[in-house]
$ cat structure-v9.cif   # mmCIF, N, CA and C atoms
data_run
loop_
_atom_site.label_atom_id
_atom_site.label_comp_id
_atom_site.auth_asym_id
_atom_site.auth_seq_id
_atom_site.Cartn_x
_atom_site.Cartn_y
_atom_site.Cartn_z
N MET A 268 0.84 -1.18 0.00
CA MET A 268 0.00 0.00 0.00
C MET A 268 0.89 1.25 0.00
N GLU A 269 0.57 2.18 -0.88
CA GLU A 269 1.37 3.38 -1.03
C GLU A 269 0.92 4.46 -0.04
N THR A 270 1.90 5.11 0.58
CA THR A 270 1.61 6.19 1.51
C THR A 270 1.20 7.43 0.73
N PRO A 271 0.11 8.10 1.14
CA PRO A 271 -0.29 9.32 0.42
C PRO A 271 0.80 10.39 0.51
N LYS A 272 0.96 11.14 -0.56
CA LYS A 272 1.97 12.19 -0.61
C LYS A 272 1.56 13.35 0.29
N LYS A 273 2.49 13.81 1.10
CA LYS A 273 2.24 14.92 2.00
C LYS A 273 2.63 16.22 1.29
N TYR A 274 1.74 17.19 1.35
CA TYR A 274 2.01 18.49 0.77
C TYR A 274 2.24 19.48 1.89
N ASP A 275 3.46 19.95 2.03
CA ASP A 275 3.80 20.92 3.06
C ASP A 275 3.86 22.28 2.40
N LEU A 276 2.78 23.02 2.51
CA LEU A 276 2.67 24.31 1.83
C LEU A 276 3.65 25.34 2.40
N GLU A 277 3.95 25.24 3.67
CA GLU A 277 4.94 26.17 4.25
C GLU A 277 6.30 25.95 3.60
N GLU A 278 6.68 24.70 3.46
CA GLU A 278 7.95 24.37 2.81
C GLU A 278 7.92 24.75 1.33
N ARG A 279 6.80 24.51 0.69
CA ARG A 279 6.66 24.82 -0.74
C ARG A 279 6.78 26.32 -1.00
N THR A 280 6.16 27.14 -0.17
CA THR A 280 6.24 28.58 -0.37
C THR A 280 7.65 29.10 -0.08
N GLU A 281 8.31 28.51 0.90
CA GLU A 281 9.70 28.90 1.18
C GLU A 281 10.61 28.52 0.01
N THR A 282 10.41 27.33 -0.52
CA THR A 282 11.20 26.88 -1.67
C THR A 282 10.98 27.82 -2.86
N PHE A 283 9.73 28.21 -3.09
CA PHE A 283 9.43 29.15 -4.17
C PHE A 283 10.21 30.44 -3.97
N SER A 284 10.19 30.98 -2.76
CA SER A 284 10.89 32.22 -2.45
C SER A 284 12.40 32.08 -2.70
N LEU A 285 12.97 30.97 -2.28
CA LEU A 285 14.40 30.75 -2.46
C LEU A 285 14.76 30.56 -3.94
N GLN A 286 13.91 29.88 -4.68
CA GLN A 286 14.17 29.69 -6.11
C GLN A 286 14.08 31.02 -6.87
N VAL A 287 13.15 31.87 -6.47
CA VAL A 287 13.07 33.21 -7.06
C VAL A 287 14.35 33.98 -6.76
N ARG A 288 14.78 33.93 -5.52
CA ARG A 288 16.04 34.60 -5.14
C ARG A 288 17.20 34.13 -6.00
N ASP A 289 17.31 32.81 -6.15
CA ASP A 289 18.42 32.24 -6.92
C ASP A 289 18.36 32.66 -8.39
N LEU A 290 17.16 32.69 -8.96
CA LEU A 290 17.02 33.16 -10.34
C LEU A 290 17.44 34.62 -10.44
N CYS A 291 16.98 35.43 -9.52
CA CYS A 291 17.27 36.87 -9.56
C CYS A 291 18.76 37.16 -9.42
N LEU A 292 19.46 36.33 -8.67
CA LEU A 292 20.91 36.51 -8.53
C LEU A 292 21.64 36.33 -9.86
N ARG A 293 21.04 35.58 -10.78
CA ARG A 293 21.68 35.28 -12.06
C ARG A 293 21.24 36.24 -13.18
N LEU A 294 20.26 37.09 -12.89
CA LEU A 294 19.76 38.01 -13.92
C LEU A 294 20.67 39.23 -14.09
N LYS A 295 20.69 39.75 -15.31
CA LYS A 295 21.40 40.99 -15.59
C LYS A 295 20.71 42.13 -14.84
N ARG A 296 21.50 42.96 -14.17
CA ARG A 296 20.94 44.06 -13.38
C ARG A 296 21.10 45.38 -14.11
N ASP A 297 20.27 45.58 -15.11
CA ASP A 297 20.26 46.86 -15.80
C ASP A 297 19.22 47.76 -15.14
N ILE A 298 19.04 48.94 -15.66
CA ILE A 298 18.14 49.92 -15.03
C ILE A 298 16.70 49.41 -14.94
N ILE A 299 16.26 48.60 -15.90
CA ILE A 299 14.90 48.08 -15.90
C ILE A 299 14.79 46.87 -14.99
N ASN A 300 15.64 45.89 -15.19
CA ASN A 300 15.56 44.65 -14.42
C ASN A 300 15.74 44.89 -12.92
N ARG A 301 16.54 45.86 -12.56
CA ARG A 301 16.79 46.12 -11.13
C ARG A 301 15.47 46.33 -10.38
N GLU A 302 14.59 47.14 -10.94
CA GLU A 302 13.30 47.40 -10.29
C GLU A 302 12.41 46.16 -10.28
N TYR A 303 12.40 45.44 -11.38
CA TYR A 303 11.58 44.22 -11.45
C TYR A 303 12.08 43.18 -10.45
N ILE A 304 13.38 43.05 -10.33
CA ILE A 304 13.97 42.08 -9.40
C ILE A 304 13.57 42.41 -7.97
N ILE A 305 13.67 43.68 -7.60
CA ILE A 305 13.29 44.09 -6.24
C ILE A 305 11.83 43.73 -5.96
N GLN A 306 10.95 44.05 -6.88
CA GLN A 306 9.53 43.76 -6.70
C GLN A 306 9.26 42.25 -6.63
N LEU A 307 9.92 41.50 -7.49
CA LEU A 307 9.73 40.05 -7.53
C LEU A 307 10.20 39.39 -6.24
N VAL A 308 11.37 39.76 -5.78
CA VAL A 308 11.91 39.16 -4.55
C VAL A 308 10.99 39.48 -3.37
N ARG A 309 10.49 40.70 -3.30
CA ARG A 309 9.58 41.07 -2.21
C ARG A 309 8.27 40.29 -2.28
N ALA A 310 7.69 40.18 -3.47
CA ALA A 310 6.42 39.47 -3.61
C ALA A 310 6.58 37.99 -3.26
N ALA A 311 7.61 37.35 -3.79
CA ALA A 311 7.81 35.92 -3.54
C ALA A 311 8.09 35.65 -2.07
N GLY A 312 8.89 36.51 -1.44
CA GLY A 312 9.15 36.35 -0.01
C GLY A 312 7.90 36.58 0.82
N SER A 313 7.04 37.47 0.35
CA SER A 313 5.81 37.76 1.07
C SER A 313 4.84 36.58 1.03
N VAL A 314 4.85 35.82 -0.05
CA VAL A 314 4.00 34.62 -0.12
C VAL A 314 4.37 33.70 1.05
N ALA A 315 5.67 33.42 1.18
CA ALA A 315 6.13 32.51 2.23
C ALA A 315 5.90 33.09 3.62
N ALA A 316 6.24 34.36 3.81
CA ALA A 316 6.10 34.98 5.13
C ALA A 316 4.64 35.03 5.57
N ASN A 317 3.75 35.37 4.67
CA ASN A 317 2.34 35.45 5.05
C ASN A 317 1.73 34.08 5.27
N TYR A 318 2.24 33.06 4.60
CA TYR A 318 1.73 31.72 4.89
C TYR A 318 2.15 31.27 6.29
N ILE A 319 3.37 31.62 6.69
CA ILE A 319 3.79 31.33 8.06
C ILE A 319 2.85 32.04 9.04
N GLU A 320 2.56 33.31 8.76
CA GLU A 320 1.63 34.08 9.60
C GLU A 320 0.25 33.45 9.62
N ALA A 321 -0.20 32.93 8.47
CA ALA A 321 -1.51 32.29 8.41
C ALA A 321 -1.56 31.07 9.32
N ASN A 322 -0.47 30.32 9.38
CA ASN A 322 -0.42 29.14 10.24
C ASN A 322 -0.43 29.51 11.72
N GLU A 323 -0.03 30.73 12.03
CA GLU A 323 0.00 31.20 13.41
C GLU A 323 -1.11 32.23 13.66
N HIS A 324 -2.19 32.14 12.90
CA HIS A 324 -3.26 33.15 12.90
C HIS A 324 -3.84 33.39 14.29
N LEU A 325 -4.38 34.60 14.44
CA LEU A 325 -4.98 35.02 15.72
C LEU A 325 -6.47 34.72 15.78
N GLY A 326 -7.03 34.28 14.68
CA GLY A 326 -8.46 33.98 14.61
C GLY A 326 -8.86 33.77 13.16
N PRO A 327 -10.12 33.43 12.91
CA PRO A 327 -10.55 33.12 11.55
C PRO A 327 -10.42 34.29 10.57
N ASN A 328 -10.66 35.50 11.03
CA ASN A 328 -10.53 36.65 10.14
C ASN A 328 -9.07 36.92 9.77
N ASP A 329 -8.18 36.75 10.74
CA ASP A 329 -6.75 36.91 10.48
C ASP A 329 -6.28 35.85 9.49
N LEU A 330 -6.74 34.62 9.66
CA LEU A 330 -6.38 33.54 8.75
C LEU A 330 -6.81 33.88 7.32
N LYS A 331 -8.05 34.31 7.15
CA LYS A 331 -8.55 34.66 5.82
C LYS A 331 -7.74 35.79 5.20
N MET A 332 -7.43 36.80 6.01
CA MET A 332 -6.66 37.93 5.50
C MET A 332 -5.28 37.48 5.03
N ARG A 333 -4.62 36.65 5.81
CA ARG A 333 -3.27 36.18 5.45
C ARG A 333 -3.30 35.32 4.18
N ILE A 334 -4.30 34.48 4.06
CA ILE A 334 -4.42 33.65 2.85
C ILE A 334 -4.71 34.53 1.64
N ARG A 335 -5.54 35.56 1.82
CA ARG A 335 -5.79 36.52 0.72
C ARG A 335 -4.50 37.21 0.29
N ILE A 336 -3.69 37.59 1.27
CA ILE A 336 -2.41 38.22 0.96
C ILE A 336 -1.50 37.24 0.21
N CYS A 337 -1.49 35.98 0.63
CA CYS A 337 -0.69 34.96 -0.07
C CYS A 337 -1.12 34.86 -1.53
N ARG A 338 -2.44 34.84 -1.76
CA ARG A 338 -2.94 34.75 -3.12
C ARG A 338 -2.56 36.01 -3.92
N LYS A 339 -2.71 37.17 -3.31
CA LYS A 339 -2.37 38.43 -3.97
C LYS A 339 -0.88 38.49 -4.31
N GLU A 340 -0.02 38.08 -3.40
CA GLU A 340 1.41 38.12 -3.64
C GLU A 340 1.83 37.07 -4.67
N SER A 341 1.12 35.96 -4.73
CA SER A 341 1.37 34.96 -5.78
C SER A 341 1.07 35.56 -7.15
N LYS A 342 -0.04 36.29 -7.23
CA LYS A 342 -0.42 36.95 -8.48
C LYS A 342 0.61 38.03 -8.84
N GLU A 343 1.05 38.77 -7.85
CA GLU A 343 2.05 39.80 -8.12
C GLU A 343 3.37 39.17 -8.57
N SER A 344 3.73 38.05 -7.99
CA SER A 344 4.94 37.34 -8.42
C SER A 344 4.84 36.96 -9.89
N GLN A 345 3.65 36.54 -10.30
CA GLN A 345 3.44 36.21 -11.71
C GLN A 345 3.70 37.42 -12.60
N LEU A 346 3.19 38.57 -12.19
CA LEU A 346 3.39 39.79 -12.97
C LEU A 346 4.87 40.07 -13.17
N TRP A 347 5.63 40.07 -12.07
CA TRP A 347 7.05 40.41 -12.17
C TRP A 347 7.84 39.33 -12.90
N LEU A 348 7.43 38.07 -12.78
CA LEU A 348 8.10 37.01 -13.55
C LEU A 348 7.87 37.19 -15.05
N LYS A 349 6.75 37.76 -15.42
CA LYS A 349 6.49 38.05 -16.83
C LYS A 349 7.30 39.26 -17.31
N HIS A 350 7.62 40.17 -16.38
CA HIS A 350 8.31 41.40 -16.75
C HIS A 350 9.83 41.30 -16.78
N ILE A 351 10.40 40.46 -15.92
CA ILE A 351 11.86 40.42 -15.87
C ILE A 351 12.42 40.01 -17.23
N LEU A 352 13.58 40.56 -17.54
CA LEU A 352 14.22 40.32 -18.82
C LEU A 352 15.32 39.26 -18.67
N THR A 353 15.24 38.21 -19.48
CA THR A 353 16.27 37.17 -19.47
C THR A 353 17.22 37.32 -20.65
N TYR A 354 16.94 38.25 -21.53
CA TYR A 354 17.78 38.53 -22.69
C TYR A 354 18.10 37.26 -23.48
N GLU A 355 17.06 36.48 -23.70
CA GLU A 355 17.12 35.27 -24.52
C GLU A 355 18.09 34.21 -23.99
N ASP A 356 18.41 34.28 -22.72
CA ASP A 356 19.21 33.23 -22.07
C ASP A 356 18.26 32.07 -21.80
N GLU A 357 18.45 30.98 -22.51
CA GLU A 357 17.50 29.86 -22.45
C GLU A 357 17.38 29.27 -21.05
N VAL A 358 18.49 29.14 -20.34
CA VAL A 358 18.46 28.56 -18.99
C VAL A 358 17.67 29.47 -18.05
N LEU A 359 17.91 30.78 -18.12
CA LEU A 359 17.17 31.71 -17.27
C LEU A 359 15.70 31.73 -17.63
N ASP A 360 15.40 31.65 -18.91
CA ASP A 360 14.00 31.69 -19.33
C ASP A 360 13.25 30.43 -18.89
N ILE A 361 13.91 29.29 -18.96
CA ILE A 361 13.29 28.04 -18.48
C ILE A 361 13.00 28.16 -16.98
N GLY A 362 13.94 28.70 -16.22
CA GLY A 362 13.73 28.90 -14.78
C GLY A 362 12.59 29.88 -14.52
N ARG A 363 12.53 30.94 -15.30
CA ARG A 363 11.47 31.93 -15.15
C ARG A 363 10.11 31.31 -15.42
N ILE A 364 10.00 30.52 -16.47
CA ILE A 364 8.73 29.87 -16.82
C ILE A 364 8.32 28.86 -15.75
N LYS A 365 9.28 28.12 -15.22
CA LYS A 365 8.99 27.16 -14.15
C LYS A 365 8.44 27.88 -12.92
N LEU A 366 9.05 29.00 -12.56
CA LEU A 366 8.59 29.76 -11.40
C LEU A 366 7.24 30.43 -11.66
N LEU A 367 7.01 30.82 -12.90
CA LEU A 367 5.71 31.39 -13.26
C LEU A 367 4.61 30.35 -13.07
N LYS A 368 4.90 29.12 -13.47
CA LYS A 368 3.94 28.02 -13.29
C LYS A 368 3.68 27.78 -11.80
N GLU A 369 4.75 27.78 -11.00
CA GLU A 369 4.60 27.56 -9.56
C GLU A 369 3.79 28.69 -8.92
N ALA A 370 4.04 29.93 -9.31
CA ALA A 370 3.29 31.06 -8.77
C ALA A 370 1.80 30.93 -9.10
N THR A 371 1.51 30.46 -10.30
CA THR A 371 0.11 30.25 -10.71
C THR A 371 -0.53 29.14 -9.89
N GLU A 372 0.20 28.06 -9.68
CA GLU A 372 -0.31 26.96 -8.86
C GLU A 372 -0.55 27.41 -7.42
N LEU A 373 0.36 28.21 -6.88
CA LEU A 373 0.17 28.72 -5.52
C LEU A 373 -1.06 29.62 -5.45
N GLU A 374 -1.24 30.47 -6.45
CA GLU A 374 -2.44 31.31 -6.48
C GLU A 374 -3.70 30.45 -6.44
N ASN A 375 -3.71 29.39 -7.24
CA ASN A 375 -4.88 28.50 -7.28
C ASN A 375 -5.09 27.78 -5.96
N ILE A 376 -4.03 27.36 -5.32
CA ILE A 376 -4.12 26.69 -4.02
C ILE A 376 -4.70 27.64 -2.98
N PHE A 377 -4.19 28.86 -2.94
CA PHE A 377 -4.70 29.82 -1.96
C PHE A 377 -6.15 30.21 -2.26
N GLY A 378 -6.49 30.27 -3.53
CA GLY A 378 -7.89 30.52 -3.90
C GLY A 378 -8.80 29.41 -3.41
N ALA A 379 -8.37 28.16 -3.54
CA ALA A 379 -9.16 27.02 -3.07
C ALA A 379 -9.28 27.04 -1.54
N ILE A 380 -8.21 27.40 -0.86
CA ILE A 380 -8.26 27.50 0.60
C ILE A 380 -9.27 28.56 1.02
N LEU A 381 -9.25 29.70 0.34
CA LEU A 381 -10.20 30.77 0.67
C LEU A 381 -11.64 30.32 0.47
N LYS A 382 -11.91 29.57 -0.59
CA LYS A 382 -13.26 29.06 -0.83
C LYS A 382 -13.71 28.18 0.32
N LYS A 383 -12.81 27.33 0.81
CA LYS A 383 -13.16 26.45 1.91
C LYS A 383 -13.36 27.21 3.22
N LEU A 384 -12.65 28.32 3.38
CA LEU A 384 -12.76 29.11 4.61
C LEU A 384 -14.03 29.95 4.65
N ASN A 385 -14.58 30.25 3.47
CA ASN A 385 -15.80 31.09 3.42
C ASN A 385 -17.07 30.29 3.53
#

$ encode --input "structure-v9.cif" --output "structure tokens"
Amino acid sequence: METPKKYDLEERTETFSLQVRDLCLRLKRDIINREYIIQLVRAAGSVAANYIEANEHLGPNDLKMRIRICRKESKESQLWLKHILTYEDEVLDIGRIKLLKEATELENIFGAILKKLN
């Protein structure tokens, strides 16, 4: 009998944040990308930080607010991942697309959690 797969969303959001950081460290820092990188790193880190806060919520309204913020920051991460410039570097672009997919999945997960909470 196979053990069901455990999904640790706290670990997953932290991994997302770290992978965004690692991608951003490899990007060219020109006048445009610099601003996009700052916004992306903040948004991705906020997904993880607010999920930690959600797990330590002060009540049902605080939990809903934190999950809403997680969903919002996931969406914002998607925006900045679409904006950053990889200058046709295939490896960077593959990483960017992978993270864009993960940000979309996280948005959907947080949306589903919100539906269950309402």

$ atom_distance --input "structure-v9.cif" --atom1 "CA of Ile380 in chain A" --atom2 "CA of Ser313 in chain A"
17.4 Å

$ closest_residue --input "structure-v9.cif" --among "A:His324, A:Lys342, A:Arg335, A:Arg293" --to "Leu381 in chain A" --atoms "all atoms listed in the file"
A:Arg335

$ closest_residue --input "structure-v9.cif" --among "A:Ala315, A:Cys337, A:Gln345, A:Glu357" --to "Arg279 in chain A" --atoms "all atoms listed in the file"
A:Ala315

$ resolve_selection --input "structure-v9.cif" --expression "the PyMOL selection byres ((chain A and resi 348) around 7)" --output "list of chain:residue names"
A:Leu307, A:Glu343, A:Ser344, A:Gln345, A:Leu346, A:Trp347, A:Lys349, A:His350, A:Ile351, A:Arg363, A:Leu366, A:Leu367

$ residues_around --input "structure-v9.cif" --residues "Gln286 in chain A" --least-positions-apart "3" --cutoff "10 Å" --atoms "only C-alpha atoms" --output "list in words"
Thr280, Glu281, Thr282, Phe283, Asp289, Leu290, Cys291, Leu292, Val308, Ala311, Gly362, Arg363, Lys365 and Leu366 of chain A

$ atom_distance --input "structure-v9.cif" --atom1 "CA of Asn385 in chain A" --atom2 "CA of Met332 in chain A"
11.6 Å

$ closest_residue --input "structure-v9.cif" --among "A:Arg301, A:Arg338, A:Arg288, A:Leu359" --to "Ile376 in chain A" --atoms "all atoms listed in the file"
A:Arg338

$ resolve_selection --input "structure-v9.cif" --expression "the PyMOL selection byres (((chain A and resi 322 and name CA) around 12) and name CA)" --output "NGL selection string"
:A and (275-277 or 315-321 or 323-327 or 329-334 or 337)

$ write_last_selection --input "structure-v9.cif" --atoms "N, CA and C atoms" --output "PDB file, in the frame of the given file"
ATOM      1  N   ASP A 275       3.460  19.950   2.030  1.00  0.00           N
ATOM      2  CA  ASP A 275       3.800  20.920   3.060  1.00  0.00           C
ATOM      3  C   ASP A 275       3.860  22.280   2.400  1.00  0.00           C
ATOM      4  N   LEU A 276       2.780  23.020   2.510  1.00  0.00           N
ATOM      5  CA  LEU A 276       2.670  24.310   1.830  1.00  0.00           C
ATOM      6  C   LEU A 276       3.650  25.340   2.400  1.00  0.00           C
ATOM      7  N   GLU A 277       3.950  25.240   3.670  1.00  0.00           N
ATOM      8  CA  GLU A 277       4.940  26.170   4.250  1.00  0.00           C
ATOM      9  C   GLU A 277       6.300  25.950   3.600  1.00  0.00           C
ATOM     10  N   ALA A 315       5.670  33.420   1.180  1.00  0.00           N
ATOM     11  CA  ALA A 315       6.130  32.510   2.230  1.00  0.00           C
ATOM     12  C   ALA A 315       5.900  33.090   3.620  1.00  0.00           C
ATOM     13  N   ALA A 316       6.240  34.360   3.810  1.00  0.00           N
ATOM     14  CA  ALA A 316       6.100  34.980   5.130  1.00  0.00           C
ATOM     15  C   ALA A 316       4.640  35.030   5.570  1.00  0.00           C
ATOM     16  N   ASN A 317       3.750  35.370   4.670  1.00  0.00           N
ATOM     17  CA  ASN A 317       2.340  35.450   5.050  1.00  0.00           C
ATOM     18  C   ASN A 317       1.730  34.080   5.270  1.00  0.00           C
ATOM     19  N   TYR A 318       2.240  33.060   4.600  1.00  0.00           N
ATOM     20  CA  TYR A 318       1.730  31.720   4.890  1.00  0.00           C
ATOM     21  C   TYR A 318       2.150  31.270   6.290  1.00  0.00           C
ATOM     22  N   ILE A 319       3.370  31.620   6.690  1.00  0.00           N
ATOM     23  CA  ILE A 319       3.790  31.330   8.060  1.00  0.00           C
ATOM     24  C   ILE A 319       2.850  32.040   9.040  1.00  0.00           C
ATOM     25  N   GLU A 320       2.560  33.310   8.760  1.00  0.00           N
ATOM     26  CA  GLU A 320       1.630  34.080   9.600  1.00  0.00           C
ATOM     27  C   GLU A 320       0.250  33.450   9.620  1.00  0.00           C
ATOM     28  N   ALA A 321      -0.200  32.930   8.470  1.00  0.00           N
ATOM     29  CA  ALA A 321      -1.510  32.290   8.410  1.00  0.00           C
ATOM     30  C   ALA A 321      -1.560  31.070   9.320  1.00  0.00           C
ATOM     31  N   GLU A 323      -0.030  30.730  12.030  1.00  0.00           N
ATOM     32  CA  GLU A 323       0.000  31.200  13.410  1.00  0.00           C
ATOM     33  C   GLU A 323      -1.110  32.230  13.660  1.00  0.00           C
ATOM     34  N   HIS A 324      -2.190  32.140  12.900  1.00  0.00           N
ATOM     35  CA  HIS A 324      -3.260  33.150  12.900  1.00  0.00           C
ATOM     36  C   HIS A 324      -3.840  33.390  14.290  1.00  0.00           C
ATOM     37  N   LEU A 325      -4.380  34.600  14.440  1.00  0.00           N
ATOM     38  CA  LEU A 325      -4.980  35.020  15.720  1.00  0.00           C
ATOM     39  C   LEU A 325      -6.470  34.720  15.780  1.00  0.00           C
ATOM     40  N   GLY A 326      -7.030  34.280  14.680  1.00  0.00           N
ATOM     41  CA  GLY A 326      -8.460  33.980  14.610  1.00  0.00           C
ATOM     42  C   GLY A 326      -8.860  33.770  13.160  1.00  0.00           C
ATOM     43  N   PRO A 327     -10.120  33.430  12.910  1.00  0.00           N
ATOM     44  CA  PRO A 327     -10.550  33.120  11.550  1.00  0.00           C
ATOM     45  C   PRO A 327     -10.420  34.290  10.570  1.00  0.00           C
ATOM     46  N   ASP A 329      -8.180  36.750  10.740  1.00  0.00           N
ATOM     47  CA  ASP A 329      -6.750  36.910  10.480  1.00  0.00           C
ATOM     48  C   ASP A 329      -6.280  35.850   9.490  1.00  0.00           C
ATOM     49  N   LEU A 330      -6.740  34.620   9.660  1.00  0.00           N
ATOM     50  CA  LEU A 330      -6.380  33.540   8.750  1.00  0.00           C
ATOM     51  C   LEU A 330      -6.810  33.880   7.320  1.00  0.00           C
ATOM     52  N   LYS A 331      -8.050  34.310   7.150  1.00  0.00           N
ATOM     53  CA  LYS A 331      -8.550  34.660   5.820  1.00  0.00           C
ATOM     54  C   LYS A 331      -7.740  35.790   5.200  1.00  0.00           C
ATOM     55  N   MET A 332      -7.430  36.800   6.010  1.00  0.00           N
ATOM     56  CA  MET A 332      -6.660  37.930   5.500  1.00  0.00           C
ATOM     57  C   MET A 332      -5.280  37.480   5.030  1.00  0.00           C
ATOM     58  N   ARG A 333      -4.620  36.650   5.810  1.00  0.00           N
ATOM     59  CA  ARG A 333      -3.270  36.180   5.450  1.00  0.00           C
ATOM     60  C   ARG A 333      -3.300  35.320   4.180  1.00  0.00           C
ATOM     61  N   ILE A 334      -4.300  34.480   4.060  1.00  0.00           N
ATOM     62  CA  ILE A 334      -4.420  33.650   2.850  1.00  0.00           C
ATOM     63  C   ILE A 334      -4.710  34.530   1.640  1.00  0.00           C
ATOM     64  N   CYS A 337      -1.490  35.980   0.630  1.00  0.00           N
ATOM     65  CA  CYS A 337      -0.690  34.960  -0.070  1.00  0.00           C
ATOM     66  C   CYS A 337      -1.120  34.860  -1.530  1.00  0.00           C
TER      67      CYS A 337
END

$ atom_distance --input "structure-v9.cif" --atom1 "atom C of Asn375 in chain A" --atom2 "CA of Gly312 in chain A"
17.7 Å

$ select_by_dssp --input "structure-v9.cif" --residues "chain A" --states "helix (DSSP H, G or I)" --output "ChimeraX atom specification"
/A:276-293,298-322,327-350,357-384

$ closest_residue --input "structure-v9.cif" --among "A:Lys383, A:Ser341, A:Tyr354, A:Asn328" --to "Glu369 in chain A" --atoms "only N, CA and C atoms"
A:Ser341

$ decode --input "structure-v9.cif" --residues "range 378-384 of chain A" --atoms "all heavy atoms" --output "tab-separated table (two decimals), in the first residue's frame"
chain	number	residue	atom	x	y	z
A	378	GLY	N	-6.49	30.27	-3.53
A	378	GLY	CA	-7.89	30.52	-3.90
A	378	GLY	C	-8.80	29.41	-3.41
A	378	GLY	O	-9.90	29.67	-2.89
A	379	ALA	N	-8.37	28.16	-3.54
A	379	ALA	CA	-9.16	27.02	-3.07
A	379	ALA	C	-9.28	27.04	-1.54
A	379	ALA	O	-10.35	26.74	-0.99
A	379	ALA	CB	-8.51	25.71	-3.54
A	380	ILE	N	-8.21	27.40	-0.86
A	380	ILE	CA	-8.26	27.50	0.60
A	380	ILE	C	-9.27	28.56	1.02
A	380	ILE	O	-10.08	28.35	1.93
A	380	ILE	CB	-6.87	27.80	1.20
A	380	ILE	CG1	-5.93	26.61	1.01
A	380	ILE	CG2	-6.97	28.18	2.68
A	380	ILE	CD1	-4.47	26.89	1.34
A	381	LEU	N	-9.25	29.70	0.34
A	381	LEU	CA	-10.20	30.77	0.67
A	381	LEU	C	-11.64	30.32	0.47
A	381	LEU	O	-12.50	30.65	1.28
A	381	LEU	CB	-9.93	32.01	-0.19
A	381	LEU	CG	-8.85	32.93	0.31
A	381	LEU	CD1	-8.57	34.03	-0.70
A	381	LEU	CD2	-9.23	33.52	1.66
A	382	LYS	N	-11.91	29.57	-0.59
A	382	LYS	CA	-13.26	29.06	-0.83
A	382	LYS	C	-13.71	28.18	0.32
A	382	LYS	O	-14.86	28.25	0.76
A	382	LYS	CB	-13.33	28.30	-2.14
A	382	LYS	CG	-13.42	29.19	-3.35
A	382	LYS	CD	-13.58	28.37	-4.61
A	382	LYS	CE	-13.62	29.28	-5.83
A	382	LYS	NZ	-13.72	28.53	-7.08
A	383	LYS	N	-12.81	27.33	0.81
A	383	LYS	CA	-13.16	26.45	1.91
A	383	LYS	C	-13.36	27.21	3.22
A	383	LYS	O	-14.15	26.80	4.06
A	383	LYS	CB	-12.07	25.38	2.10
A	383	LYS	CG	-12.07	24.35	1.02
A	383	LYS	CD	-11.02	23.29	1.24
A	383	LYS	CE	-11.03	22.29	0.11
A	383	LYS	NZ	-9.99	21.27	0.26
A	384	LEU	N	-12.65	28.32	3.38
A	384	LEU	CA	-12.76	29.11	4.61
A	384	LEU	C	-14.03	29.95	4.65
A	384	LEU	O	-14.50	30.32	5.72
A	384	LEU	CB	-11.55	30.02	4.78
A	384	LEU	CG	-10.22	29.33	5.07
A	384	LEU	CD1	-9.09	30.35	5.08
A	384	LEU	CD2	-10.27	28.57	6.40
